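Below is input.pdb, holding PDB, C-alpha atoms.
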MODEL        1
ATOM      1  CA  MET A   1       0.000   0.000   0.000
ATOM      2  CA  ASN A   2       1.206   3.512  -0.786
ATOM      3  CA  CYS A   3       0.306   6.868   0.823
ATOM      4  CA  ASP A   4      -2.707   7.408  -1.487
ATOM      5  CA  GLY A   5      -4.118   3.986  -0.683
ATOM      6  CA  PHE A   6      -3.562   4.637   2.998
ATOM      7  CA  ARG A   7      -5.431   7.965   2.823
ATOM      8  CA  HIS A   8      -8.289   6.346   0.968
ATOM      9  CA  TRP A   9      -8.510   3.710   3.727
ATOM     10  CA  LEU A  10      -8.478   6.476   6.356
ATOM     11  CA  ASP A  11     -11.293   8.369   4.614
ATOM     12  CA  ARG A  12     -13.430   5.227   4.523
ATOM     13  CA  GLY A  13     -13.205   4.932   8.300
ATOM     14  CA  ALA A  14      -9.834   3.284   8.961
ATOM     15  CA  ASP A  15     -11.443  -0.040   9.717
ATOM     16  CA  ALA A  16      -8.653  -2.337  10.900
ATOM     17  CA  ALA A  17     -10.866  -5.349  10.256
ATOM     18  CA  GLU A  18     -10.992  -4.559   6.537
ATOM     19  CA  VAL A  19      -8.781  -6.553   4.191
ATOM     20  CA  GLU A  20      -6.712  -3.420   3.674
ATOM     21  CA  GLY A  21      -6.379  -2.854   7.429
ATOM     22  CA  GLU A  22      -3.283  -4.988   7.771
ATOM     23  CA  ALA A  23      -1.623  -3.446   4.713
ATOM     24  CA  ALA A  24      -2.427  -0.020   6.144
ATOM     25  CA  SER A  25      -0.769  -0.901   9.441
ATOM     26  CA  VAL A  26       2.353  -2.077   7.620
ATOM     27  CA  HIS A  27       2.447   1.139   5.577
ATOM     28  CA  ALA A  28       1.985   3.352   8.662
ATOM     29  CA  ALA A  29       4.851   1.554  10.406
ATOM     30  CA  GLY A  30       7.214   2.729   7.671
ATOM     31  CA  CYS A  31       5.720   6.149   6.852
ATOM     32  CA  PRO A  32       5.975   8.763   9.630
ATOM     33  CA  ARG A  33       3.585  11.172   7.898
ATOM     34  CA  CYS A  34       0.774   8.638   7.471
ATOM     35  CA  ALA A  35       1.403   7.301  10.982
ATOM     36  CA  SER A  36       1.026  10.822  12.336
ATOM     37  CA  THR A  37      -2.228  11.404  10.399
ATOM     38  CA  LEU A  38      -3.606   8.092  11.647
ATOM     39  CA  ARG A  39      -2.732   9.024  15.230
ATOM     40  CA  ASP A  40      -4.459  12.394  14.841
ATOM     41  CA  MET A  41      -7.565  10.840  13.296
ATOM     42  CA  CYS A  42      -7.759   8.427  16.238
ATOM     43  CA  ARG A  43      -7.566  11.391  18.609
ATOM     44  CA  ILE A  44     -10.402  13.120  16.781
ATOM     45  CA  GLU A  45     -12.405   9.933  17.220
ATOM     46  CA  ILE A  46     -11.684  10.040  20.963
ATOM     47  CA  VAL A  47     -12.872  13.656  21.120
ATOM     48  CA  LEU A  48     -16.018  12.751  19.168
ATOM     49  CA  ARG A  49     -16.802   9.727  21.331
ATOM     50  CA  ILE A  50     -16.585  11.527  24.642
ATOM     51  CA  PRO A  51     -19.536  13.875  25.043
ATOM     52  CA  LEU A  52     -19.247  17.307  26.561
ATOM     53  CA  ALA A  53     -20.553  17.574  30.082
ATOM     54  CA  ALA A  54     -24.097  18.889  30.151
ATOM     55  CA  PRO A  55     -24.596  21.980  32.327
ATOM     56  CA  ARG A  56     -24.978  21.202  35.992
ATOM     57  CA  GLY A  57     -28.613  20.744  36.948
ATOM     58  CA  LEU A  58     -29.951  20.120  33.431
ATOM     59  CA  ALA A  59     -31.409  16.732  34.361
ATOM     60  CA  GLU A  60     -32.874  18.044  37.614
ATOM     61  CA  ARG A  61     -34.491  21.040  35.897
ATOM     62  CA  THR A  62     -35.902  18.825  33.169
ATOM     63  CA  LEU A  63     -37.379  16.373  35.649
ATOM     64  CA  ALA A  64     -38.762  19.205  37.765
ATOM     65  CA  ALA A  65     -40.526  20.608  34.677
ATOM     66  CA  ILE A  66     -42.047  17.193  34.051
ATOM     67  CA  ALA A  67     -43.101  16.804  37.673
ATOM     68  CA  THR A  68     -44.796  20.199  37.656
ATOM     69  CA  GLY A  69     -47.245  19.392  34.984
ATOM     70  CA  VAL A  70     -45.824  18.775  31.542
ATOM     71  CA  ARG A  71     -48.343  16.418  30.020
ATOM     72  CA  GLY A  72     -46.767  12.977  29.908
ATOM     73  CA  PRO A  73     -47.309   9.875  27.838
ATOM     74  CA  ALA A  74     -50.406   8.998  29.886
ATOM     75  CA  GLY A  75     -51.665  12.555  29.322
ATOM     76  CA  GLY A  76     -51.386  12.010  25.595
ATOM     77  CA  ARG A  77     -53.801   9.136  25.814
ATOM     78  CA  PRO A  78     -57.549   9.606  26.194
ATOM     79  CA  SER A  79     -59.193   8.786  29.516
ATOM     80  CA  THR A  80     -60.778   5.377  30.090
ATOM     81  CA  ARG A  81     -64.243   6.787  29.411
ATOM     82  CA  ALA A  82     -63.051   8.493  26.236
ATOM     83  CA  GLN A  83     -61.269   5.304  25.202
ATOM     84  CA  ALA A  84     -64.530   3.327  25.571
ATOM     85  CA  LEU A  85     -66.304   5.964  23.486
ATOM     86  CA  ILE A  86     -63.646   5.735  20.803
ATOM     87  CA  GLU A  87     -63.769   1.954  20.736
ATOM     88  CA  ALA A  88     -67.544   2.144  20.367
ATOM     89  CA  ALA A  89     -67.155   4.750  17.646
ATOM     90  CA  ALA A  90     -65.222   2.408  15.375
ATOM     91  CA  PRO A  91     -68.076  -0.043  14.636
ATOM     92  CA  VAL A  92     -70.556   2.864  14.667
ATOM     93  CA  ALA A  93     -68.458   4.569  11.993
ATOM     94  CA  VAL A  94     -68.427   1.448   9.857
ATOM     95  CA  LEU A  95     -72.163   0.802  10.306
ATOM     96  CA  ALA A  96     -73.051   4.431   9.659
ATOM     97  CA  CYS A  97     -70.961   4.449   6.479
ATOM     98  CA  LEU A  98     -72.696   1.276   5.337
ATOM     99  CA  ALA A  99     -76.154   2.661   6.167
ATOM    100  CA  ALA A 100     -75.320   5.903   4.383
ATOM    101  CA  THR A 101     -74.282   3.975   1.297
ATOM    102  CA  ILE A 102     -77.428   1.832   1.315
ATOM    103  CA  VAL A 103     -79.685   4.853   1.812
ATOM    104  CA  ALA A 104     -77.878   6.837  -0.881
ATOM    105  CA  LEU A 105     -78.031   3.942  -3.333
ATOM    106  CA  GLY A 106     -81.688   3.271  -2.508
ATOM    107  CA  THR A 107     -84.475   5.732  -2.522
ATOM    108  CA  GLY A 108     -82.865   8.058   0.043
ATOM    109  CA  SER A 109     -81.425  10.626  -2.306
ATOM    110  CA  GLU A 110     -84.566  10.697  -4.394
ATOM    111  CA  THR A 111     -86.781  11.084  -1.293
ATOM    112  CA  LEU A 112     -84.472  13.750   0.118
ATOM    113  CA  VAL A 113     -84.989  15.864  -2.976
ATOM    114  CA  ARG A 114     -88.725  15.140  -3.305
ATOM    115  CA  ASP A 115     -89.814  15.173   0.339
ATOM    116  CA  PRO A 116     -87.004  16.139   2.763
ATOM    117  CA  ALA A 117     -89.395  16.298   5.758
ATOM    118  CA  SER A 118     -90.421  12.630   5.453
ATOM    119  CA  PRO A 119     -88.724  10.056   7.732
ATOM    120  CA  ALA A 120     -86.815   8.601   4.795
ATOM    121  CA  GLY A 121     -85.715  12.059   3.713
ATOM    122  CA  ILE A 122     -84.532  12.900   7.224
ATOM    123  CA  MET A 123     -82.678   9.578   7.388
ATOM    124  CA  ALA A 124     -81.000  10.292   4.066
ATOM    125  CA  GLY A 125     -79.743  13.606   5.415
ATOM    126  CA  VAL A 126     -78.807  12.529   8.950
ATOM    127  CA  VAL A 127     -77.089   9.193   8.320
ATOM    128  CA  PRO A 128     -74.165  10.676   6.318
ATOM    129  CA  ALA A 129     -73.739  13.292   9.052
ATOM    130  CA  ILE A 130     -73.552  10.533  11.678
ATOM    131  CA  ALA A 131     -71.040   8.690   9.537
ATOM    132  CA  TRP A 132     -68.884  11.806   9.277
ATOM    133  CA  ALA A 133     -69.085  12.496  13.044
ATOM    134  CA  ALA A 134     -68.259   8.890  13.894
ATOM    135  CA  TRP A 135     -65.281   8.986  11.576
ATOM    136  CA  GLN A 136     -64.010  12.178  13.254
ATOM    137  CA  LEU A 137     -64.427  10.583  16.665
ATOM    138  CA  PHE A 138     -62.597   7.500  15.499
ATOM    139  CA  HIS A 139     -59.581   9.656  14.555
ATOM    140  CA  TRP A 140     -59.627  11.714  17.727
ATOM    141  CA  PRO A 141     -56.890   9.779  19.599
ATOM    142  CA  THR A 142     -54.487  10.166  16.676
ATOM    143  CA  SER A 143     -54.940  13.924  16.607
ATOM    144  CA  LEU A 144     -54.421  14.045  20.382
ATOM    145  CA  VAL A 145     -51.066  12.289  20.108
ATOM    146  CA  GLU A 146     -49.981  14.426  17.160
ATOM    147  CA  ARG A 147     -50.779  17.605  19.108
ATOM    148  CA  ALA A 148     -48.706  16.255  22.032
TER
ATOM    149  CA  MET B   1     -28.710  -5.056  37.415
ATOM    150  CA  THR B   2     -29.521  -1.957  35.388
ATOM    151  CA  ASP B   3     -32.453  -1.902  33.001
ATOM    152  CA  ASN B   4     -31.771  -1.381  29.332
ATOM    153  CA  ASP B   5     -33.012   1.766  27.644
ATOM    154  CA  GLU B   6     -35.974   0.135  25.979
ATOM    155  CA  ALA B   7     -37.239  -1.414  29.234
ATOM    156  CA  LEU B   8     -36.942   1.961  30.940
ATOM    157  CA  ALA B   9     -38.744   3.651  28.046
ATOM    158  CA  GLU B  10     -41.568   1.130  28.348
ATOM    159  CA  ARG B  11     -41.947   1.850  32.054
ATOM    160  CA  ALA B  12     -41.718   5.590  31.413
ATOM    161  CA  ALA B  13     -44.452   5.305  28.773
ATOM    162  CA  ARG B  14     -46.713   3.990  31.531
ATOM    163  CA  GLY B  15     -46.010   7.177  33.495
ATOM    164  CA  ASP B  16     -43.027   6.038  35.577
ATOM    165  CA  HIS B  17     -41.146   9.289  36.310
ATOM    166  CA  LYS B  18     -38.253   7.468  37.922
ATOM    167  CA  ALA B  19     -37.610   5.381  34.799
ATOM    168  CA  PHE B  20     -37.665   8.483  32.637
ATOM    169  CA  GLY B  21     -35.318  10.212  35.084
ATOM    170  CA  GLU B  22     -32.839   7.398  34.584
ATOM    171  CA  LEU B  23     -33.007   7.895  30.805
ATOM    172  CA  VAL B  24     -32.459  11.637  31.197
ATOM    173  CA  MET B  25     -29.411  10.979  33.366
ATOM    174  CA  ARG B  26     -28.028   8.551  30.783
ATOM    175  CA  TYR B  27     -28.536  10.761  27.750
ATOM    176  CA  GLN B  28     -28.277  14.367  28.945
ATOM    177  CA  HIS B  29     -24.598  14.715  27.976
ATOM    178  CA  ARG B  30     -24.958  13.265  24.497
ATOM    179  CA  VAL B  31     -28.099  15.214  23.698
ATOM    180  CA  TYR B  32     -26.427  18.405  24.908
ATOM    181  CA  THR B  33     -23.272  17.665  22.883
ATOM    182  CA  LEU B  34     -25.320  17.023  19.768
ATOM    183  CA  ALA B  35     -27.046  20.383  20.223
ATOM    184  CA  ARG B  36     -23.662  22.098  20.669
ATOM    185  CA  ARG B  37     -22.172  20.402  17.608
ATOM    186  CA  LEU B  38     -25.157  21.484  15.541
ATOM    187  CA  GLY B  39     -24.092  25.057  16.179
ATOM    188  CA  ASN B  40     -25.934  26.143  19.299
ATOM    189  CA  SER B  41     -24.437  28.292  22.026
ATOM    190  CA  PRO B  42     -24.146  26.625  25.457
ATOM    191  CA  ALA B  43     -27.361  28.344  26.640
ATOM    192  CA  ASP B  44     -29.290  27.426  23.470
ATOM    193  CA  ALA B  45     -27.949  23.880  23.569
ATOM    194  CA  GLU B  46     -29.188  23.571  27.129
ATOM    195  CA  ASP B  47     -32.649  24.792  26.080
ATOM    196  CA  ALA B  48     -32.670  22.415  23.119
ATOM    197  CA  ALA B  49     -31.617  19.490  25.323
ATOM    198  CA  GLN B  50     -34.298  20.228  27.914
ATOM    199  CA  ASP B  51     -36.932  20.640  25.219
ATOM    200  CA  THR B  52     -35.838  17.351  23.649
ATOM    201  CA  PHE B  53     -36.505  15.469  26.869
ATOM    202  CA  LEU B  54     -39.848  17.196  27.447
ATOM    203  CA  ARG B  55     -40.954  16.275  23.929
ATOM    204  CA  ALA B  56     -39.681  12.746  24.372
ATOM    205  CA  TRP B  57     -41.681  12.445  27.603
ATOM    206  CA  ARG B  58     -44.861  13.599  25.891
ATOM    207  CA  ALA B  59     -44.313  11.347  22.892
ATOM    208  CA  LEU B  60     -43.214   8.187  24.710
ATOM    209  CA  SER B  61     -46.498   6.465  23.914
ATOM    210  CA  GLN B  62     -45.425   6.625  20.258
ATOM    211  CA  PHE B  63     -42.083   4.937  20.886
ATOM    212  CA  ARG B  64     -42.003   1.529  19.277
ATOM    213  CA  ARG B  65     -39.279  -1.003  19.805
ATOM    214  CA  GLU B  66     -38.593  -1.128  16.068
ATOM    215  CA  ALA B  67     -35.792   1.371  16.675
ATOM    216  CA  ARG B  68     -33.459   1.678  19.617
ATOM    217  CA  PHE B  69     -34.476   4.238  22.210
ATOM    218  CA  ALA B  70     -31.234   6.142  21.582
ATOM    219  CA  THR B  71     -31.980   6.425  17.856
ATOM    220  CA  TRP B  72     -35.518   7.635  18.555
ATOM    221  CA  LEU B  73     -34.262  10.194  21.094
ATOM    222  CA  TYR B  74     -31.483  11.467  18.794
ATOM    223  CA  ARG B  75     -34.055  12.019  16.099
ATOM    224  CA  ILE B  76     -36.016  14.343  18.383
ATOM    225  CA  ALA B  77     -32.779  15.927  19.616
ATOM    226  CA  SER B  78     -31.363  16.683  16.178
ATOM    227  CA  ARG B  79     -34.641  18.239  15.027
ATOM    228  CA  ARG B  80     -34.890  20.412  18.135
ATOM    229  CA  ALA B  81     -31.230  21.405  17.990
ATOM    230  CA  LEU B  82     -31.527  22.365  14.321
ATOM    231  CA  ASP B  83     -34.743  24.318  14.971
ATOM    232  CA  VAL B  84     -33.111  26.312  17.760
ATOM    233  CA  ALA B  85     -29.953  26.902  15.725
ATOM    234  CA  LEU B  86     -31.963  28.031  12.692
ATOM    235  CA  LYS B  87     -34.006  30.448  14.794
ATOM    236  CA  ARG B  88     -30.793  31.972  16.086
ATOM    237  CA  ARG B  89     -29.189  31.725  12.640
ATOM    238  CA  SER B  90     -26.152  30.321  14.394
ATOM    239  CA  HIS B  91     -26.085  26.909  12.765
ATOM    240  CA  GLU B  92     -23.143  27.620  10.502
ATOM    241  CA  THR B  93     -20.627  27.942  13.282
ATOM    242  CA  TYR B  94     -19.660  25.900  16.267
ATOM    243  CA  GLU B  95     -17.505  27.809  18.660
ATOM    244  CA  PHE B  96     -15.839  25.410  21.007
ATOM    245  CA  ASP B  97     -15.455  26.769  24.487
ATOM    246  CA  LEU B  98     -13.011  25.390  27.025
ATOM    247  CA  ASP B  99     -15.834  25.608  29.546
ATOM    248  CA  ASP B 100     -17.253  22.741  27.520
ATOM    249  CA  ALA B 101     -15.532  20.174  29.644
ATOM    250  CA  PRO B 102     -15.414  16.594  28.437
ATOM    251  CA  LEU B 103     -17.739  14.325  30.358
ATOM    252  CA  THR B 104     -14.955  12.127  31.662
ATOM    253  CA  SER B 105     -11.291  12.687  32.253
ATOM    254  CA  MET B 106     -10.629   9.617  30.099
ATOM    255  CA  ALA B 107      -9.318  11.755  27.269
ATOM    256  CA  LEU B 108      -6.954  13.526  29.577
ATOM    257  CA  GLN B 109      -5.116  10.534  30.976
ATOM    258  CA  GLY B 110      -2.711   7.823  29.865
ATOM    259  CA  ASP B 111      -0.310   7.606  26.948
ATOM    260  CA  ASP B 112      -2.855   9.005  24.520
ATOM    261  CA  ALA B 113      -3.707  11.933  26.772
ATOM    262  CA  ILE B 114      -5.330  14.867  25.021
ATOM    263  CA  GLY B 115      -4.572  18.173  26.671
ATOM    264  CA  ASP B 116      -6.761  21.283  26.605
ATOM    265  CA  ALA B 117      -4.821  22.947  23.792
ATOM    266  CA  GLU B 118      -4.854  19.879  21.580
ATOM    267  CA  ARG B 119      -8.505  19.246  22.309
ATOM    268  CA  ARG B 120      -9.320  22.821  21.394
ATOM    269  CA  ASP B 121      -7.485  22.352  18.069
ATOM    270  CA  LEU B 122      -9.324  19.129  17.334
ATOM    271  CA  GLU B 123     -12.683  20.649  18.258
ATOM    272  CA  ARG B 124     -11.878  23.571  15.985
ATOM    273  CA  LEU B 125     -11.377  21.153  13.090
ATOM    274  CA  ILE B 126     -14.697  19.459  13.868
ATOM    275  CA  GLY B 127     -16.317  22.892  14.120
ATOM    276  CA  ALA B 128     -15.102  23.792  10.634
ATOM    277  CA  LEU B 129     -17.203  21.003   9.124
ATOM    278  CA  PRO B 130     -20.646  21.836   7.731
ATOM    279  CA  PRO B 131     -23.427  21.272  10.347
ATOM    280  CA  ILE B 132     -24.804  18.139   8.708
ATOM    281  CA  GLN B 133     -21.347  16.539   8.669
ATOM    282  CA  ARG B 134     -20.848  17.466  12.326
ATOM    283  CA  ALA B 135     -24.167  15.863  13.166
ATOM    284  CA  VAL B 136     -23.441  12.726  11.144
ATOM    285  CA  ILE B 137     -19.947  12.143  12.487
ATOM    286  CA  THR B 138     -20.999  12.850  16.083
ATOM    287  CA  LEU B 139     -23.963  10.481  15.899
ATOM    288  CA  TYR B 140     -21.869   7.854  14.119
ATOM    289  CA  TYR B 141     -19.742   7.343  17.200
ATOM    290  CA  TYR B 142     -22.693   7.617  19.597
ATOM    291  CA  GLN B 143     -24.553   4.971  17.624
ATOM    292  CA  ASP B 144     -21.764   2.389  17.726
ATOM    293  CA  ARG B 145     -20.762   3.097  14.123
ATOM    294  CA  SER B 146     -24.175   2.129  12.778
ATOM    295  CA  VAL B 147     -24.847   3.980   9.523
ATOM    296  CA  ARG B 148     -28.433   2.732   9.600
ATOM    297  CA  ASP B 149     -29.093   4.195  13.052
ATOM    298  CA  VAL B 150     -27.570   7.538  12.062
ATOM    299  CA  ALA B 151     -29.780   7.567   8.962
ATOM    300  CA  THR B 152     -32.859   6.837  11.083
ATOM    301  CA  ALA B 153     -31.935   9.451  13.678
ATOM    302  CA  LEU B 154     -31.422  12.174  11.076
ATOM    303  CA  GLY B 155     -34.154  11.028   8.712
ATOM    304  CA  ILE B 156     -31.844  10.802   5.703
ATOM    305  CA  PRO B 157     -30.889   7.852   3.452
ATOM    306  CA  GLU B 158     -27.993   5.592   4.446
ATOM    307  CA  GLY B 159     -26.135   6.482   1.259
ATOM    308  CA  THR B 160     -26.264  10.158   2.249
ATOM    309  CA  VAL B 161     -24.875   9.318   5.692
ATOM    310  CA  LYS B 162     -21.981   7.445   4.072
ATOM    311  CA  THR B 163     -21.291  10.373   1.767
ATOM    312  CA  HIS B 164     -21.247  12.853   4.657
ATOM    313  CA  LEU B 165     -19.025  10.573   6.713
ATOM    314  CA  HIS B 166     -16.559  10.222   3.862
ATOM    315  CA  ARG B 167     -16.486  13.958   3.225
ATOM    316  CA  ALA B 168     -16.100  14.725   6.930
ATOM    317  CA  ARG B 169     -13.152  12.350   7.279
ATOM    318  CA  LEU B 170     -11.562  13.664   4.100
ATOM    319  CA  SER B 171     -11.834  17.280   5.345
ATOM    320  CA  LEU B 172     -10.484  16.375   8.759
ATOM    321  CA  ARG B 173      -7.594  14.413   7.306
ATOM    322  CA  ARG B 174      -6.650  17.225   4.910
ATOM    323  CA  GLU B 175      -6.773  19.791   7.701
ATOM    324  CA  LEU B 176      -4.639  17.605   9.934
ATOM    325  CA  GLU B 177      -2.050  17.127   7.178
ATOM    326  CA  ALA B 178      -2.036  20.845   6.416
ATOM    327  CA  ALA B 179      -1.501  21.593  10.103
ATOM    328  CA  GLU B 180       1.357  19.098  10.175
ATOM    329  CA  ASP B 181       2.926  20.710   7.114
ATOM    330  CA  ARG B 182       2.690  24.144   8.758
ATOM    331  CA  SER B 183       4.263  22.914  11.962
ATOM    332  CA  GLY B 184       7.004  21.167   9.920
ATOM    333  CA  GLU B 185       7.821  24.397   8.067
ATOM    334  CA  SER B 186       7.960  26.471  11.228
ATOM    335  CA  ALA B 187      10.200  23.962  13.013
TER
ENDMDL
END

Go through the file and emit its structure as structure tokens.
Amino acid sequence: MNCDGFRHWLDRGADAAEVEGEAASVHAAGCPRCASTLRDMCRIEIVLRIPLAAPRGLAERTLAAIATGVRGPAGGRPSTRAQALIEAAAPVAVLACLAATIVALGTGSETLVRDPASPAGIMAGVVPAIAWAAWQLFHWPTSLVERA
Amino acid sequence: MTDNDEALAERAARGDHKAFGELVMRYQHRVYTLARRLGNSPADAEDAAQDTFLRAWRALSQFRREARFATWLYRIASRRALDVALKRRSHETYEFDLDDAPLTSMALQGDDAIGDAERRDLERLIGALPPIQRAVITLYYYQDRSVRDVATALGIPEGTVKTHLHRARLSLRRELEAAEDRSGESA
């Protein structure tokens, strides 16, 4: 290996386990300049590996902020009652969507236009609204977590 | 026996403050260093680090074991650190300060001891790299040389991580050789 090959090996990460690692070691043993660069690169790696010390009290201040009311992972989740509502909303959303489709495909849309005050007309108008509301409710927990 | 990060994160996600406190103690130095290396002043880096942990606490329910906890946390940390740096428009520079003490005295002992002056020189070389290269090379060593984890943490492709790593090493090596040439001429 020559100096160029050695530099190329250094720039790839100076992995001693690579096939070229041994050849690189042999080259460095006989080339003071490359040996010096390798030593310096290893020292940079040491500097990069050892983190700077965080300011004194950072952890304590962070934990104090959490203890004094920053909404935590449990806060990002809906309450048990809300969870039950959401779980109930899922099948309601599906059923309402199905009902809306059936009504729309059937006589609902026609009745809605002809006689909106009739029970069928009211159903044709209300069922899609229920479907939409149920769908929104179903997606509520996701929006809660995203806001958190 | 100490719990691993993922077990602690699971307990913390159930609201265990003590478990989250342990994670904060483990990662405060690395998160702070990452914020510094991304170009934040010590005060801004402290804010970014604190904000990272607060966001992590709020989002713990979203943590899945598909990634390591460290990778997930570094992702939040790098975004926060970049946001803060961009707001301050200070992300292009990284002024190393000798008050930025290393976490351990490991680097300052033994045959390979690195003194303050030498450390300052080496930090200056790291500081001359573009921010993304500083972030990549810093995370590379924090993530046990895993290119994949660095890519996940920074949200960039693995090939891009490799490119930045190569460029960072090339720049550092050239600077080191130039410094050696200068010291050889002056001697």

Item to check | Contact set, chain B to chain A: 6 Å, all atoms listed in the file, as a PyMOL selection string | outcome: chain B and resi 13+15+29-30+32-33+50+57-61+100-103+138+141+166+169-170

Write a file of the just-selected residues containing C-alpha atoms, as a CSV table (one decimal), keeping the file's coordinate frame.
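Output (selection01.csv):
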chain,number,residue,atom,x,y,z
B,13,ALA,CA,-44.5,5.3,28.8
B,15,GLY,CA,-46.0,7.2,33.5
B,29,HIS,CA,-24.6,14.7,28.0
B,30,ARG,CA,-25.0,13.3,24.5
B,32,TYR,CA,-26.4,18.4,24.9
B,33,THR,CA,-23.3,17.7,22.9
B,50,GLN,CA,-34.3,20.2,27.9
B,57,TRP,CA,-41.7,12.4,27.6
B,58,ARG,CA,-44.9,13.6,25.9
B,59,ALA,CA,-44.3,11.3,22.9
B,60,LEU,CA,-43.2,8.2,24.7
B,61,SER,CA,-46.5,6.5,23.9
B,100,ASP,CA,-17.3,22.7,27.5
B,101,ALA,CA,-15.5,20.2,29.6
B,102,PRO,CA,-15.4,16.6,28.4
B,103,LEU,CA,-17.7,14.3,30.4
B,138,THR,CA,-21.0,12.8,16.1
B,141,TYR,CA,-19.7,7.3,17.2
B,166,HIS,CA,-16.6,10.2,3.9
B,169,ARG,CA,-13.2,12.4,7.3
B,170,LEU,CA,-11.6,13.7,4.1

Checklist entry - Leaving out Trp132 in chain A and any residue of its chain fewer than 4 positions from it, which residues lie within 9 Å of it when counting only C-alpha atoms, given as an NGL selection string? => result :A and (93 or 96-97 or 127-128 or 136-137)

Item to check | Pairwise distance for CA of Gln28 in chain B and CA of Arg124 in chain B, rounded to one decimal in Å | outcome: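 Atom-to-atom, CA of Gln28 in chain B and CA of Arg124 in chain B are spaced 22.8 Å apart.
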
Next on the checklist: Show me, as a ChimeraX atom specification, the residues that have an atom within 6 Å of range 67-82 of chain B when counting only C-alpha atoms, minus same-chain residues fewer than 4 positions from it.
Outcome noted: /B:6,35,48,52,86,153-154

Enclose all atoms of range 33-43 of chain A listed in the file in an axis-aligned box, grow every side by 3 Å, and hand back centre and edge lengths in Å to one decimal, as lines of an AutoDock Vina configuration file.
center_x = -2.1
center_y = 9.8
center_z = 13.0
size_x = 17.3
size_y = 11.1
size_z = 17.1

Checklist entry - For the file shown, what are the residues hit by the PyMOL selection byres ((chain B and resi 168) around 9), laid out as number ranges by chain? => result A: 11; B: 126, 129-130, 133-134, 136-137, 163-167, 169-173

Next on the checklist: Counting all atoms listed in the file, which residue out of B:His17, B:Arg120, B:Arg36, B:Lys162 sits closest to Ala49 in chain B?
Outcome noted: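 The answer is B:Arg36, which sits nearest to Ala49 in chain B.
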